[in-house]
Amino acid sequence: MKYVLVSLIALFIFSFSAFSQDEGKIGVGASFGTNLVVSSSQSNPIIYNSMIYVPINMSGFRLEPFLMINTSSNKYQVEGQPNTYERSMTGITFGSGFFFLMRANKSVVPYLGLRVGYGTNSSKSKSQYSDSEDSQGSIFIGGFIGGEYYFSPAFSLGADAGISYYNFFTPTDKSGLTDMKYASYSNSQITTTAAIIARIFF
C-alpha cells in the first residue's frame with residue numbers, strides 16, 4: 001500500500017512537471033485583435049491587427065518577439081472645413097513582449113507585462129478635390145494583461161488587453177500634396193487593444 005501511494009505521488013509530480021509550460025518552452029502563436037484610438041483629433045477609428053508571435057517561456061517569464069500588421073479605414077472632417085475626407089492605413093510593426101507568468105493551476109496561466117515595437121505605416125487620404133499618400137515610422141510601448149488556457153502541454157488559447165502609447169515620426173509625402181497631410185496629423189496617440197491568441201509549443 002505504501003509503495004502504491006509513493007508511486008501515485010511520483011506519477012502526479014511527473015504529470016504536473018510535464019504539463020508545466022514555463023520551463024524552457026519555445027513556440028509559435030497567432031492572434032487577431034482590434035485597437036481603438038482614444039486620443040485623436042479625428043473620429044475614433046478602429047484599427048484591426050493580426051500578429052505572429054514566437055513565445056519563449058522561461059521560469060515564470062516569457063519573451064515574445066512578434067510581427068504585427070495593422071489596417072484601418074475611416075472618414076472624418078477637418079475642423080472648420082465642410083469637406084469629408086477618407087483615410088486608410090496599413091502598417092507593419094516589429095517588436096517584443098516581456099511578460100511575467102502567474103500560474104493559477106496546471107492549465108490556467110494569467111500574465112502581465114509590456115510590448116514595445118517599431119513600425120512603418122503607409123496612409124492614403126482622399127477628398128473630392130485631391131488624393132495624397134504618405135508614410136511614417138512609429139514606436140510604441142504598451143502595458144498588457146491576459147491569460148491563457150492550456151488544452152494540452154503543446155497548445156493554449158487565450159486573450160489579452162492593454163493600453164499603448166504611439167509616437168509617430170514626421171510623415172514623408174509621396175504624392176507632393178502637403179495641404180491635406182498635416183491637417184489631421186498628430187505626433188502621438190493612445191490606443192486600447194484586445195486580442196484572441198492561439199499558441200503552439202514545441
# chains A, B, ... in the order shown; residues from 1 in each chain; ligands from 1

call {"tool": "residues_around", "arguments": {"residues": "A:Ile163", "least_positions_apart": "2", "cutoff": "7 Å", "atoms": "only C-alpha atoms", "output": "PyMOL selection string"}}
result
chain A and resi 142-144+191-193

call {"tool": "select_by_dssp", "arguments": {"residues": "stretch 40-181 of chain A", "states": "strand (DSSP E)", "output": "ChimeraX atom specification"}}
result
/A:46-53,56-58,61-77,84-101,108-126,131-152,155-168,172-173

call {"tool": "closest_residue", "arguments": {"among": "A:Ser72, A:Tyr53, A:Gly147, A:Ile141", "to": "A:Ala104", "atoms": "only C-alpha atoms"}}
result
A:Gly147

call {"tool": "atom_distance", "arguments": {"atom1": "atom CA of A:Asn121", "atom2": "atom CA of A:Arg87"}}
result
12.4 Å

call {"tool": "closest_residue", "arguments": {"among": "A:Asp160, A:Asn187, A:Lys106, A:Ser73", "to": "A:Ser31", "atoms": "only C-alpha atoms"}}
result
A:Asp160

call {"tool": "residues_around", "arguments": {"residues": "A:Leu67", "least_positions_apart": "2", "cutoff": "9 Å", "atoms": "only C-alpha atoms", "output": "ChimeraX atom specification"}}
result
/A:50-53,65,69,92-96

call {"tool": "write_last_selection", "arguments": {"atoms": "N, CA and C atoms", "output": "tab-separated table (two decimals), in the first residue's frame"}}
result
chain	number	residue	atom	x	y	z
A	50	SER	N	-3.37	41.87	-36.95
A	50	SER	CA	-3.04	40.45	-36.92
A	50	SER	C	-1.58	40.33	-36.51
A	51	MET	N	-1.28	39.36	-35.65
A	51	MET	CA	0.07	39.25	-35.13
A	51	MET	C	0.56	37.80	-35.18
A	52	ILE	N	1.85	37.66	-35.39
A	52	ILE	CA	2.54	36.37	-35.30
A	52	ILE	C	3.56	36.48	-34.18
A	53	TYR	N	3.59	35.49	-33.28
A	53	TYR	CA	4.46	35.52	-32.11
A	53	TYR	C	5.44	34.35	-32.12
A	65	PRO	N	8.93	37.79	-29.10
A	65	PRO	CA	9.05	38.60	-30.31
A	65	PRO	C	7.79	38.46	-31.17
A	69	ILE	N	0.62	43.32	-38.18
A	69	ILE	CA	0.12	44.02	-39.36
A	69	ILE	C	-1.17	44.73	-38.97
A	92	ILE	N	3.18	47.87	-40.59
A	92	ILE	CA	3.90	46.68	-40.17
A	92	ILE	C	4.79	47.06	-39.00
A	93	THR	N	4.71	46.30	-37.93
A	93	THR	CA	5.47	46.59	-36.71
A	93	THR	C	6.23	45.36	-36.25
A	94	PHE	N	7.49	45.55	-35.89
A	94	PHE	CA	8.32	44.50	-35.29
A	94	PHE	C	8.57	44.88	-33.83
A	95	GLY	N	8.59	43.89	-32.96
A	95	GLY	CA	8.86	44.19	-31.56
A	95	GLY	C	8.92	42.95	-30.72
A	96	SER	N	8.76	43.14	-29.41
A	96	SER	CA	8.79	42.01	-28.49
A	96	SER	C	7.94	42.31	-27.27

call {"tool": "closest_residue", "arguments": {"among": "A:Ala30, A:Met89, A:Ile47, A:Ala159", "to": "A:Arg199", "atoms": "only C-alpha atoms"}}
result
A:Ala30

call {"tool": "residues_around", "arguments": {"residues": "A:Ile56", "least_positions_apart": "2", "cutoff": "12 Å", "atoms": "only C-alpha atoms", "output": "ChimeraX atom specification"}}
result
/A:21-29,53-54,58-66,96-101,199-202

call {"tool": "closest_residue", "arguments": {"among": "A:Ala161, A:Met68, A:Val116, A:Ala198", "to": "A:Glu148", "atoms": "only C-alpha atoms"}}
result
A:Ala198

call {"tool": "closest_residue", "arguments": {"among": "A:Val38, A:Ile197, A:Ile139, A:Ala154", "to": "A:Thr120", "atoms": "only C-alpha atoms"}}
result
A:Ile139
